[in-house]
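Asker: The structure file run04.cif (mmCIF, C-alpha atoms) is provided below.
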data_input
#
loop_
_atom_site.label_atom_id
_atom_site.label_comp_id
_atom_site.auth_asym_id
_atom_site.auth_seq_id
_atom_site.Cartn_x
_atom_site.Cartn_y
_atom_site.Cartn_z
CA MET A 1 -33.40 0.24 19.67
CA ASN A 2 -32.97 -2.33 22.36
CA LYS A 3 -29.39 -2.93 21.29
CA LEU A 4 -28.74 0.80 21.40
CA GLY A 5 -30.00 0.93 24.98
CA LYS A 6 -27.83 -2.03 25.97
CA LEU A 7 -24.75 -0.46 24.39
CA LEU A 8 -25.43 2.85 26.11
CA TYR A 9 -25.88 1.00 29.39
CA LYS A 10 -22.54 -0.72 28.80
CA GLU A 11 -20.85 2.65 28.30
CA LEU A 12 -22.34 4.00 31.50
CA LEU A 13 -21.41 0.86 33.38
CA LEU A 14 -17.82 1.04 32.14
CA GLU A 15 -17.64 4.67 33.16
CA SER A 16 -18.88 3.85 36.64
CA ARG A 17 -16.41 0.99 36.98
CA GLN A 18 -13.44 3.03 35.75
CA GLN A 19 -14.06 6.28 37.47
CA TYR A 20 -10.51 7.51 37.15
CA SER A 21 -11.22 9.02 33.73
CA PHE A 22 -14.32 10.84 34.94
CA TYR A 23 -12.54 12.31 37.95
CA GLY A 24 -9.52 13.01 35.77
CA LEU A 25 -11.72 15.09 33.52
CA LEU A 26 -13.17 16.98 36.46
CA LEU A 27 -9.69 17.69 37.71
CA TYR A 28 -8.71 18.83 34.22
CA ILE A 29 -11.53 21.37 34.21
CA GLY A 30 -10.68 22.47 37.75
CA THR A 31 -6.97 22.96 37.17
CA THR A 32 -7.42 24.71 33.81
CA LEU A 33 -9.83 27.12 35.38
CA PHE A 34 -7.56 27.69 38.31
CA VAL A 35 -4.72 28.57 35.94
CA LEU A 36 -7.03 31.01 34.15
CA PHE A 37 -8.12 32.38 37.51
CA MET A 38 -4.47 33.03 38.40
CA ALA A 39 -3.66 34.49 34.99
CA ILE A 40 -6.46 37.04 34.76
CA ASP A 41 -8.98 38.40 37.19
CA GLN A 42 -12.40 39.55 36.06
CA PRO A 43 -11.94 39.47 32.26
CA ALA A 44 -14.13 41.61 30.02
CA ALA A 45 -17.21 39.93 28.59
CA ALA A 46 -15.65 39.34 25.16
CA THR A 47 -12.55 37.76 26.69
CA TRP A 48 -14.68 35.69 29.03
CA ASN A 49 -16.66 34.41 26.07
CA GLY A 50 -13.57 33.51 24.06
CA LEU A 51 -11.90 31.77 26.99
CA PHE A 52 -15.05 29.85 27.80
CA TRP A 53 -15.49 28.36 24.34
CA VAL A 54 -11.82 27.57 23.81
CA ASN A 55 -11.80 25.91 27.22
CA LEU A 56 -14.86 23.87 26.28
CA LEU A 57 -13.12 22.82 23.08
CA PHE A 58 -10.14 21.41 24.98
CA ILE A 59 -12.35 19.72 27.55
CA CYS A 60 -14.27 18.12 24.71
CA ILE A 61 -11.13 16.68 23.12
CA ASN A 62 -10.08 15.16 26.42
CA ALA A 63 -13.55 13.86 27.23
CA VAL A 64 -14.28 12.33 23.87
CA ALA A 65 -10.84 11.00 22.92
CA LYS A 66 -11.15 8.05 25.25
CA SER A 67 -14.40 6.75 23.78
CA PHE A 68 -12.85 5.02 20.79
CA LEU A 69 -9.23 4.94 21.84
CA GLN A 70 -10.06 2.72 24.81
CA GLU A 71 -11.45 -0.04 22.61
CA SER A 72 -8.75 -2.54 21.83
CA ARG A 73 -8.61 -4.36 18.52
CA GLY A 74 -9.92 -7.52 20.07
CA ARG A 75 -12.82 -5.78 21.72
CA MET A 76 -13.77 -4.01 18.47
CA LEU A 77 -13.83 -7.40 16.76
CA TYR A 78 -16.09 -8.71 19.52
CA PHE A 79 -18.50 -5.81 19.04
CA TYR A 80 -18.38 -6.40 15.31
CA THR A 81 -19.77 -9.89 15.82
CA LEU A 82 -22.45 -8.64 18.22
CA THR A 83 -23.89 -5.42 16.87
CA HIS A 84 -24.48 -3.28 13.86
CA ALA A 85 -22.15 -0.33 13.17
CA THR A 86 -24.98 2.21 13.43
CA ASP A 87 -26.03 1.04 16.89
CA PHE A 88 -22.46 1.04 18.11
CA LEU A 89 -21.79 4.54 16.79
CA LEU A 90 -25.07 6.01 18.03
CA ALA A 91 -24.44 4.63 21.50
CA LYS A 92 -21.04 6.31 21.53
CA LEU A 93 -22.46 9.59 20.23
CA LEU A 94 -25.24 9.57 22.82
CA PHE A 95 -22.91 8.76 25.65
CA ASN A 96 -20.42 11.44 24.61
CA SER A 97 -23.20 13.99 24.29
CA LEU A 98 -24.39 13.19 27.80
CA LEU A 99 -20.85 13.43 29.11
CA MET A 100 -20.30 16.79 27.40
CA LEU A 101 -23.64 18.11 28.69
CA LEU A 102 -22.43 17.39 32.19
CA MET A 103 -18.92 18.73 31.60
CA SER A 104 -20.09 21.95 29.94
CA SER A 105 -22.49 22.61 32.82
CA ILE A 106 -19.70 22.08 35.32
CA SER A 107 -17.29 24.35 33.48
CA LEU A 108 -19.97 27.03 33.15
CA LEU A 109 -20.55 26.85 36.90
CA LEU A 110 -16.84 27.13 37.65
CA PHE A 111 -16.39 29.94 35.15
CA THR A 112 -19.09 32.02 36.80
CA LEU A 113 -17.67 31.26 40.24
CA LEU A 114 -14.04 32.08 39.45
CA LEU A 115 -14.05 34.51 36.56
CA GLY A 116 -17.20 36.48 37.20
CA ASN A 117 -20.56 36.42 35.51
CA PRO A 118 -21.03 38.60 32.42
CA MET A 119 -24.34 36.98 31.45
CA LEU A 120 -27.27 39.33 31.39
CA GLN A 121 -29.59 36.74 29.92
CA ALA A 122 -28.64 33.57 31.68
CA ALA A 123 -31.23 31.16 30.28
CA PRO A 124 -30.36 31.51 26.57
CA PHE A 125 -26.66 31.34 27.36
CA ILE A 126 -27.07 28.09 29.31
CA GLY A 127 -29.11 26.71 26.43
CA LEU A 128 -26.35 27.65 24.00
CA VAL A 129 -23.70 26.07 26.20
CA LEU A 130 -25.61 22.79 26.27
CA LEU A 131 -26.20 22.88 22.52
CA GLY A 132 -22.55 23.79 21.94
CA GLY A 133 -21.41 20.93 24.17
CA ILE A 134 -23.44 18.48 22.09
CA SER A 135 -22.16 19.94 18.79
CA LEU A 136 -18.56 19.66 19.91
CA SER A 137 -19.00 16.13 21.20
CA LEU A 138 -20.61 14.95 17.95
CA VAL A 139 -17.81 16.23 15.72
CA PHE A 140 -15.03 15.01 17.97
CA SER A 141 -16.61 11.59 18.57
CA PHE A 142 -16.35 10.81 14.89
CA LEU A 143 -12.82 12.20 14.72
CA ALA A 144 -11.93 10.05 17.73
CA ALA A 145 -13.08 7.05 15.72
CA ILE A 146 -10.79 8.14 12.86
CA ALA A 147 -7.88 8.74 15.24
CA ALA A 148 -8.38 5.37 16.89
CA LYS A 149 -8.40 3.60 13.54
CA ALA A 150 -5.25 5.45 12.49
CA GLN A 151 -3.70 4.30 15.78
CA GLN A 152 -2.94 7.87 16.75
CA ASN A 153 -3.43 9.80 19.96
CA ALA A 154 -5.64 12.76 20.81
CA ALA A 155 -3.21 15.20 19.14
CA ILE A 156 -4.33 14.16 15.68
CA MET A 157 -7.93 14.75 16.74
CA ALA A 158 -7.07 18.37 17.36
CA ILE A 159 -5.40 18.74 13.98
CA LEU A 160 -8.30 17.09 12.18
CA GLY A 161 -11.02 18.73 14.22
CA PHE A 162 -10.07 22.35 14.79
CA PRO A 163 -10.52 23.52 11.22
CA ILE A 164 -13.85 21.70 10.95
CA ILE A 165 -15.21 23.06 14.21
CA ILE A 166 -14.28 26.74 13.59
CA PRO A 167 -17.53 27.67 11.79
CA GLN A 168 -19.69 26.19 14.54
CA LEU A 169 -17.57 27.80 17.21
CA VAL A 170 -17.82 31.19 15.49
CA LEU A 171 -21.59 30.81 15.33
CA LEU A 172 -21.75 29.84 19.00
CA MET A 173 -19.53 32.73 20.10
CA ARG A 174 -21.55 35.20 18.05
CA LEU A 175 -24.80 33.94 19.48
CA SER A 176 -23.58 33.83 23.04
CA SER A 177 -22.11 37.33 22.94
CA ALA A 178 -25.67 38.54 22.29
CA THR A 179 -26.68 37.23 25.71
CA PHE A 180 -24.17 39.55 27.38
CA SER A 181 -26.24 42.56 26.48
CA PRO A 182 -29.73 43.16 27.83
CA LEU A 183 -31.14 44.37 24.53
CA LEU A 184 -29.94 41.89 21.90
CA SER A 185 -31.77 38.64 21.47
CA VAL A 186 -30.48 35.31 20.23
CA SER A 187 -31.41 34.76 16.60
CA TRP A 188 -33.43 31.58 16.23
CA THR A 189 -32.41 31.05 12.63
CA SER A 190 -28.79 30.71 13.77
CA VAL A 191 -29.81 28.22 16.45
CA ALA A 192 -31.72 26.29 13.80
CA LEU A 193 -28.59 26.41 11.64
CA LEU A 194 -26.54 24.88 14.45
CA VAL A 195 -29.10 22.12 14.95
CA ALA A 196 -29.09 21.49 11.20
CA LEU A 197 -25.28 21.23 11.21
CA ASP A 198 -25.49 18.75 14.11
CA THR A 199 -27.98 16.66 12.18
CA LEU A 200 -25.67 16.72 9.17
CA ILE A 201 -22.76 15.56 11.33
CA VAL A 202 -24.76 12.66 12.80
CA LEU A 203 -25.91 11.71 9.32
CA MET A 204 -22.40 11.76 7.86
CA SER A 205 -21.08 9.78 10.84
CA VAL A 206 -23.73 7.10 10.40
CA ILE A 207 -23.01 6.86 6.68
CA LEU A 208 -19.23 6.80 6.99
CA PHE A 209 -18.66 4.81 10.17
CA PRO A 210 -19.23 1.36 8.61
CA PHE A 211 -16.18 2.00 6.39
CA LEU A 212 -14.00 2.71 9.40
CA TRP A 213 -15.42 -0.12 11.40
CA LYS A 214 -14.51 -2.91 8.97
CA ASP A 215 -10.88 -3.79 9.39
CA MET B 1 -4.47 13.52 -29.60
CA ARG B 2 -8.09 12.54 -29.06
CA ASN B 3 -7.66 12.75 -25.29
CA ASN B 4 -5.56 15.88 -25.28
CA TRP B 5 -7.99 18.41 -26.73
CA TRP B 6 -8.64 19.89 -23.27
CA LYS B 7 -4.94 20.49 -22.69
CA ILE B 8 -4.82 22.55 -25.87
CA TRP B 9 -7.91 24.42 -24.68
CA SER B 10 -6.23 25.07 -21.34
CA ALA B 11 -3.19 26.60 -23.04
CA VAL B 12 -5.27 28.63 -25.48
CA LEU B 13 -7.57 29.96 -22.78
CA LEU B 14 -4.67 30.89 -20.52
CA VAL B 15 -2.84 32.73 -23.31
CA TYR B 16 -6.11 34.54 -23.99
CA THR B 17 -6.46 35.30 -20.26
CA PHE B 18 -3.00 36.82 -20.07
CA VAL B 19 -3.27 38.86 -23.27
CA ALA B 20 -6.85 40.06 -22.87
CA GLY B 21 -6.53 40.25 -19.11
CA LEU B 22 -3.52 42.54 -19.14
CA LEU B 23 -4.43 44.58 -22.22
CA GLY B 24 -8.23 44.50 -22.36
CA PRO B 25 -10.53 47.33 -21.26
CA VAL B 26 -11.43 47.52 -17.59
CA PRO B 27 -13.65 50.03 -15.81
CA ALA B 28 -11.64 52.64 -13.88
CA LEU B 29 -13.04 52.31 -10.40
CA PRO B 30 -11.89 54.42 -7.46
CA LEU B 31 -9.36 52.62 -5.26
CA LEU B 32 -9.32 49.51 -7.45
CA GLN B 33 -8.05 51.10 -10.68
CA GLU B 34 -5.88 48.72 -12.66
CA THR B 35 -5.59 46.20 -9.80
CA ILE B 36 -8.97 44.93 -10.94
CA ARG B 37 -7.12 42.84 -13.51
CA ASN B 38 -6.11 40.59 -10.64
CA LEU B 39 -9.68 39.28 -10.81
CA TYR B 40 -8.64 37.04 -13.71
CA PHE B 41 -5.97 35.42 -11.56
CA HIS B 42 -6.96 35.66 -7.91
CA VAL B 43 -10.62 34.65 -8.17
CA CYS B 44 -9.88 31.91 -10.68
CA MET B 45 -7.43 30.29 -8.25
CA TRP B 46 -10.24 29.89 -5.72
CA PHE B 47 -12.63 28.54 -8.31
CA ALA B 48 -10.00 26.03 -9.40
CA MET B 49 -9.29 25.11 -5.79
CA MET B 50 -12.95 24.46 -4.98
CA ILE B 51 -13.47 22.44 -8.16
CA LEU B 52 -10.35 20.34 -7.54
CA PHE B 53 -11.32 19.68 -3.89
CA THR B 54 -14.71 18.54 -5.15
CA VAL B 55 -13.05 16.23 -7.66
CA SER B 56 -10.90 14.86 -4.84
CA VAL B 57 -13.98 14.09 -2.74
CA VAL B 58 -15.68 12.43 -5.69
CA TYR B 59 -12.68 10.12 -6.06
CA SER B 60 -12.74 9.42 -2.32
CA ILE B 61 -16.37 8.35 -2.65
CA ARG B 62 -15.49 6.19 -5.64
CA TYR B 63 -12.68 4.64 -3.62
CA LEU B 64 -15.04 3.69 -0.80
CA ARG B 65 -17.47 2.19 -3.31
CA THR B 66 -14.91 0.14 -5.23
CA LEU B 67 -11.88 -0.14 -2.87
CA ASP B 68 -9.67 0.38 -5.92
CA LEU B 69 -6.41 1.97 -4.74
CA LYS B 70 -6.12 3.88 -8.00
CA TYR B 71 -8.90 6.21 -6.85
CA ASP B 72 -7.09 6.89 -3.60
CA ILE B 73 -4.08 8.14 -5.56
CA TYR B 74 -6.43 10.30 -7.65
CA ALA B 75 -8.02 11.78 -4.54
CA ARG B 76 -4.68 12.60 -2.97
CA HIS B 77 -3.18 14.31 -5.99
CA PHE B 78 -6.27 16.35 -6.76
CA ALA B 79 -6.22 17.53 -3.14
CA VAL B 80 -2.53 18.46 -3.35
CA THR B 81 -3.03 20.40 -6.56
CA ALA B 82 -6.01 22.17 -5.02
CA ILE B 83 -3.83 23.16 -2.06
CA VAL B 84 -1.27 24.67 -4.44
CA MET B 85 -4.06 26.60 -6.16
CA GLY B 86 -5.29 27.77 -2.76
CA LEU B 87 -1.85 29.01 -1.75
CA LEU B 88 -1.55 30.88 -5.04
CA GLY B 89 -5.00 32.33 -4.39
CA TYR B 90 -3.77 33.55 -1.03
CA THR B 91 -0.65 35.11 -2.54
CA THR B 92 -2.53 36.92 -5.30
CA GLY B 93 -5.13 38.02 -2.76
CA ALA B 94 -2.46 39.32 -0.40
CA ILE B 95 -0.87 41.38 -3.17
CA TRP B 96 -4.28 42.75 -4.11
CA ALA B 97 -5.20 43.55 -0.52
CA ALA B 98 -1.86 45.27 0.02
CA TYR B 99 -2.85 47.89 -2.59
CA THR B 100 -6.54 48.21 -1.74
CA TRP B 101 -7.43 47.21 1.83
CA ALA B 102 -4.26 47.87 3.78
CA ASP B 103 -3.91 51.12 5.69
CA PRO B 104 -1.36 53.14 3.66
CA ASN B 105 -0.27 55.09 6.73
CA LYS B 106 0.99 52.04 8.57
CA PRO B 107 3.52 49.37 7.70
CA LEU B 108 1.93 46.62 5.65
CA ILE B 109 2.48 43.98 8.28
CA ASN B 110 0.27 45.83 10.77
CA SER B 111 -2.79 45.50 8.58
CA PHE B 112 -2.43 41.74 8.31
CA SER B 113 -4.45 40.71 11.36
CA THR B 114 -7.35 42.95 10.39
CA ILE B 115 -7.44 41.67 6.84
CA ALA B 116 -7.11 38.01 7.84
CA ARG B 117 -10.28 38.34 9.90
CA ASP B 118 -12.39 38.67 6.79
CA PRO B 119 -14.89 35.78 6.54
CA LYS B 120 -13.84 34.84 3.01
CA LEU B 121 -10.26 34.56 4.17
CA ILE B 122 -11.35 32.55 7.20
CA GLY B 123 -13.30 30.20 4.94
CA ALA B 124 -10.34 29.78 2.63
CA ALA B 125 -7.96 29.27 5.56
CA ILE B 126 -10.24 26.59 7.01
CA ALA B 127 -10.39 24.78 3.68
CA LEU B 128 -6.59 24.76 3.45
CA LEU B 129 -6.16 23.67 7.08
CA VAL B 130 -8.58 20.79 6.56
CA TYR B 131 -6.63 19.54 3.58
CA PHE B 132 -3.28 19.98 5.33
CA ALA B 133 -4.75 17.83 8.11
CA TYR B 134 -5.83 15.35 5.43
CA LEU B 135 -2.23 15.03 4.24
CA ILE B 136 -0.95 14.65 7.81
CA LEU B 137 -3.53 11.94 8.46
CA ARG B 138 -2.45 10.10 5.32
CA ASP B 139 1.18 10.12 6.41
CA ALA B 140 0.26 8.97 9.91
CA VAL B 141 -1.08 5.62 8.70
CA THR B 142 1.43 3.16 7.27
CA ASP B 143 -0.83 0.40 5.99
CA ILE B 144 -1.78 1.26 2.39
CA ASP B 145 -5.36 -0.02 2.41
CA LYS B 146 -6.11 1.37 5.83
CA ARG B 147 -4.62 4.73 4.88
CA ALA B 148 -6.77 4.90 1.78
CA ARG B 149 -9.94 4.06 3.69
CA ILE B 150 -9.38 6.35 6.67
CA SER B 151 -8.32 9.32 4.58
CA ALA B 152 -11.26 8.85 2.21
CA VAL B 153 -13.61 8.86 5.19
CA TYR B 154 -12.02 12.04 6.57
CA ASN B 155 -12.06 13.70 3.17
CA ILE B 156 -15.79 13.13 2.75
CA PHE B 157 -16.64 14.04 6.35
CA ALA B 158 -14.62 17.26 6.30
CA TYR B 159 -15.95 18.31 2.90
CA ALA B 160 -19.54 17.74 3.96
CA ILE B 161 -19.12 20.06 6.94
CA LEU B 162 -16.76 22.54 5.34
CA PHE B 163 -18.88 23.56 2.42
CA PRO B 164 -22.07 24.46 4.26
CA ALA B 165 -19.81 26.41 6.62
CA ILE B 166 -18.21 28.40 3.82
CA TRP B 167 -21.68 29.48 2.74
CA ILE B 168 -22.80 30.23 6.28
CA LEU B 169 -19.81 32.21 7.61
CA PRO B 170 -20.05 35.18 5.23
CA ARG B 171 -23.69 35.63 6.26
CA ILE B 172 -22.84 36.16 9.91
CA LEU B 173 -19.58 38.12 9.81
CA PRO B 174 -18.89 41.59 8.44
CA SER B 175 -16.71 41.75 5.35
CA LEU B 176 -14.89 44.10 3.01
CA HIS B 177 -14.66 41.50 0.31
CA PRO B 178 -16.93 41.84 -2.74
CA GLY B 179 -20.10 39.78 -2.78
CA ASN B 180 -21.69 40.43 0.58
CA ASP B 181 -25.08 39.25 1.80
CA GLY B 182 -24.15 35.65 1.94
CA ASN B 183 -22.40 35.16 -1.35
CA PRO B 184 -19.25 33.11 -0.73
CA ALA B 185 -17.19 34.71 -3.51
CA LEU B 186 -18.66 37.56 -5.47
CA ASP B 187 -21.75 38.47 -7.40
CA VAL B 188 -20.84 37.80 -11.02
CA LYS B 189 -23.82 39.65 -12.49
CA ASN B 190 -23.44 42.90 -10.58
CA ASP B 191 -19.80 43.08 -9.54
CA ILE B 192 -18.18 42.43 -12.88
CA SER B 193 -18.71 44.49 -16.02
CA ALA B 194 -19.76 42.75 -19.23
CA SER B 195 -16.41 43.21 -20.93
CA MET B 196 -14.59 41.71 -17.95
CA ARG B 197 -16.88 38.69 -17.89
CA LEU B 198 -15.70 37.90 -21.42
CA VAL B 199 -12.24 37.27 -19.98
CA PHE B 200 -13.31 36.05 -16.53
CA TYR B 201 -15.29 32.96 -17.55
CA PRO B 202 -12.64 31.61 -19.96
CA ALA B 203 -10.01 32.34 -17.30
CA ILE B 204 -11.83 30.14 -14.74
CA ILE B 205 -12.04 27.28 -17.22
CA GLY B 206 -8.43 27.74 -18.29
CA TRP B 207 -7.01 27.72 -14.77
CA THR B 208 -9.16 24.78 -13.72
CA LEU B 209 -8.04 22.77 -16.73
CA LEU B 210 -4.44 23.63 -15.90
CA GLY B 211 -5.00 22.32 -12.37
CA VAL B 212 -6.49 19.11 -13.72
CA TRP B 213 -3.56 18.78 -16.11
CA ILE B 214 -1.01 19.12 -13.29
CA ALA B 215 -2.94 16.64 -11.16
CA THR B 216 -3.16 14.05 -13.93
CA LEU B 217 0.59 14.32 -14.56
CA LYS B 218 1.27 13.75 -10.87
CA ILE B 219 -1.13 10.82 -10.83
CA ARG B 220 0.59 9.22 -13.83
CA ILE B 221 3.99 9.58 -12.17
CA GLN B 222 2.65 8.05 -8.97
CA LEU B 223 1.01 5.15 -10.80
CA LEU B 224 4.27 4.43 -12.68
CA ALA B 225 6.28 4.58 -9.46
CA ASP B 226 3.85 2.20 -7.79
CA LYS B 227 4.04 -0.18 -10.72
CA LYS B 228 7.83 -0.20 -10.46
CA MET B 229 7.59 -0.86 -6.73
CA MET B 230 5.17 -3.77 -7.20
CA SER B 231 7.29 -5.59 -9.78
#
What is this file in structure tokens?

Answerer:
Amino acid sequence: MNKLGKLLYKELLLESRQQYSFYGLLLYIGTTLFVLFMAIDQPAAATWNGLFWVNLLFICINAVAKSFLQESRGRMLYFYTLTHATDFLLAKLLFNSLLMLLMSSISLLLFTLLLGNPMLQAAPFIGLVLLGGISLSLVFSFLAAIAAKAQQNAAIMAILGFPIIIPQLVLLMRLSSATFSPLLSVSWTSVALLVALDTLIVLMSVILFPFLWKD
Amino acid sequence: MRNNWWKIWSAVLLVYTFVAGLLGPVPALPLLQETIRNLYFHVCMWFAMMILFTVSVVYSIRYLRTLDLKYDIYARHFAVTAIVMGLLGYTTGAIWAAYTWADPNKPLINSFSTIARDPKLIGAAIALLVYFAYLILRDAVTDIDKRARISAVYNIFAYAILFPAIWILPRILPSLHPGNDGNPALDVKNDISASMRLVFYPAIIGWTLLGVWIATLKIRIQLLADKKMMS
């Protein structure tokens, strides 16, 4: 537990020392949204929903790709001598989830500012966005580990990840479109299903990461 | 001969499928009519695909447990054969849909986007995309051991997420496809008449065995080629 905390602290420290990537990500969100803002004004709720989730997907790839790709071979070897694979992976997953929580909140804010606000039930939608951000970050963190080991760039993450993420994304879009109407309510069984899928992903990552980690 | 009994079974069952499937009695249902015979081909392709993907994952797990490269070759070729089965499933499904689901008043191509939205088709498309990605990932890594390990990890990870998803998606999306209310394929007890089940079950086994046969041939060729390369 202590090791996990230290590793998480190291991630945060690195992020604060190399702020270019954080600001780069913010700029990425800003420019993407500005392009969307120029392309369409006041989209219908269904379009808004689709754009929002697809946008979050691309932000996630950019945010998470760095986490494993930044570690050089030598540094991975150093970590290998210091920590256990599970601690290392969980620290990355936690950090990426935190990062995506922040990024999804920022993109939600910008979306409502620039493209209008179709939400009639704001609280459940915000909850879904945060949950969705975590789900995306968990899947793509593990795929980033695979991409890094295969010595490939973020493009292969997209190829590997898009098919896997579709079911979760469909669930999220379905659920969030319910919040655009005043009468429908979000089904809790579906939310539970999403949480269960997230747990499954964390479990599989923990089981499989040691095989990637050994070189 | 001792190890080939299942190949004979495969051939016998498939001959039976073709003869009984094309000549046997089928219920005359509105809209479906004689196209219902496609059940023996279309549905069996998906069953074979799912079974072969599962076999591929099992070999990936065995690879990670033993680090024997032989199992990596097994996993790859079972996945490739499953992809072929999946593509055939798509083709047979498309022909079937063209006569049953497509709007007869419009050109066939216009109905495509509506039909492709069906959750069973989405599930099948995702499965195929995942395994295409698996093949791309394999080709992206040059080191043999590393390739085997990384692709085995991806195979297991993707499978573990894919299969719950294929059971979940049909429950949340509307569908024309038989077997609603959460069934990923169709309800064998209620959707298929007793006389059709007599052909349907052997057909599944026959097609699956054929898939295994093709995969084992490909594996043997690969193993021989590798042996030649090593020496």

Asker: Can I get the residues of chain B within 8 Å of chain A, each with the closest pair of atoms and their distance in Å to one decimal, using only C-alpha atoms, sorted chain first then ascending number, as JSON lines?

Answerer:
{"residue": "B:Leu64", "atom": "CA", "partner": "A:Phe211", "partner_atom": "CA", "distance": 7.5}
{"residue": "B:Ile126", "atom": "CA", "partner": "A:Pro163", "partner_atom": "CA", "distance": 5.2}
{"residue": "B:Ala127", "atom": "CA", "partner": "A:Pro163", "partner_atom": "CA", "distance": 7.6}
{"residue": "B:Leu129", "atom": "CA", "partner": "A:Pro163", "partner_atom": "CA", "distance": 6.0}
{"residue": "B:Val130", "atom": "CA", "partner": "A:Pro163", "partner_atom": "CA", "distance": 5.7}
{"residue": "B:Ala133", "atom": "CA", "partner": "A:Leu160", "partner_atom": "CA", "distance": 5.5}
{"residue": "B:Tyr134", "atom": "CA", "partner": "A:Leu160", "partner_atom": "CA", "distance": 7.4}
{"residue": "B:Leu137", "atom": "CA", "partner": "A:Ile156", "partner_atom": "CA", "distance": 7.6}
{"residue": "B:Ala140", "atom": "CA", "partner": "A:Ala150", "partner_atom": "CA", "distance": 7.0}
{"residue": "B:Val141", "atom": "CA", "partner": "A:Ala150", "partner_atom": "CA", "distance": 5.6}
{"residue": "B:Lys146", "atom": "CA", "partner": "A:Ala150", "partner_atom": "CA", "distance": 7.9}
{"residue": "B:Arg147", "atom": "CA", "partner": "A:Ala150", "partner_atom": "CA", "distance": 7.7}
{"residue": "B:Arg149", "atom": "CA", "partner": "A:Phe211", "partner_atom": "CA", "distance": 7.1}
{"residue": "B:Ile150", "atom": "CA", "partner": "A:Leu212", "partner_atom": "CA", "distance": 6.5}
{"residue": "B:Val153", "atom": "CA", "partner": "A:Leu208", "partner_atom": "CA", "distance": 6.3}
{"residue": "B:Tyr154", "atom": "CA", "partner": "A:Ile146", "partner_atom": "CA", "distance": 7.5}
{"residue": "B:Phe157", "atom": "CA", "partner": "A:Met204", "partner_atom": "CA", "distance": 6.4}
{"residue": "B:Ala158", "atom": "CA", "partner": "A:Ile164", "partner_atom": "CA", "distance": 6.5}
{"residue": "B:Ala160", "atom": "CA", "partner": "A:Met204", "partner_atom": "CA", "distance": 7.7}
{"residue": "B:Ile161", "atom": "CA", "partner": "A:Ile164", "partner_atom": "CA", "distance": 6.8}
{"residue": "B:Leu162", "atom": "CA", "partner": "A:Ile164", "partner_atom": "CA", "distance": 6.4}
{"residue": "B:Ala165", "atom": "CA", "partner": "A:Pro167", "partner_atom": "CA", "distance": 5.8}
{"residue": "B:Leu169", "atom": "CA", "partner": "A:Pro167", "partner_atom": "CA", "distance": 6.6}
{"residue": "B:Ile172", "atom": "CA", "partner": "A:Leu171", "partner_atom": "CA", "distance": 7.7}

Asker: Using all atoms listed in the file, determine which residues lie at most 8 Å from Asp72 in chain B, disregarding the query and same-chain residues fewer than 3 positions distant; provide the list as an MDAnalysis selection string.

Answerer: chainID B and resid 59:60 63 68:69 75:76 148 152

Asker: Take CA of Ala124 in chain B and CA of Trp101 in chain B and report the distance between them in Å, one decimal.

Answerer: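 If I compute the distance from CA of Ala124 in chain B to CA of Trp101 in chain B, I get 17.7 Å.
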
Asker: Let me know the centre plus edge lengths, in Å and rounded to one decimal, of a box with edges along x, y and z that contains all listed atoms of range 166-172 of chain A and is padded by 5 Å on every side, as AutoDock Vina command-line options.

Answerer:
--center_x -18.0 --center_y 28.7 --center_z 15.4 --size_x 17.5 --size_y 15.0 --size_z 17.2

Asker: State, in Å with one decimal place, the distance from CA of Tyr23 in chain A to CA of Asn96 in chain A.

Answerer: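 Computing the Euclidean distance for CA of Tyr23 in chain A and CA of Asn96 in chain A yields 15.5 Å.
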
Asker: Record the distance separating CA of Leu51 in chain A and CA of Leu109 in chain A, expressed in Å with one decimal.

Answerer: 14.0 Å
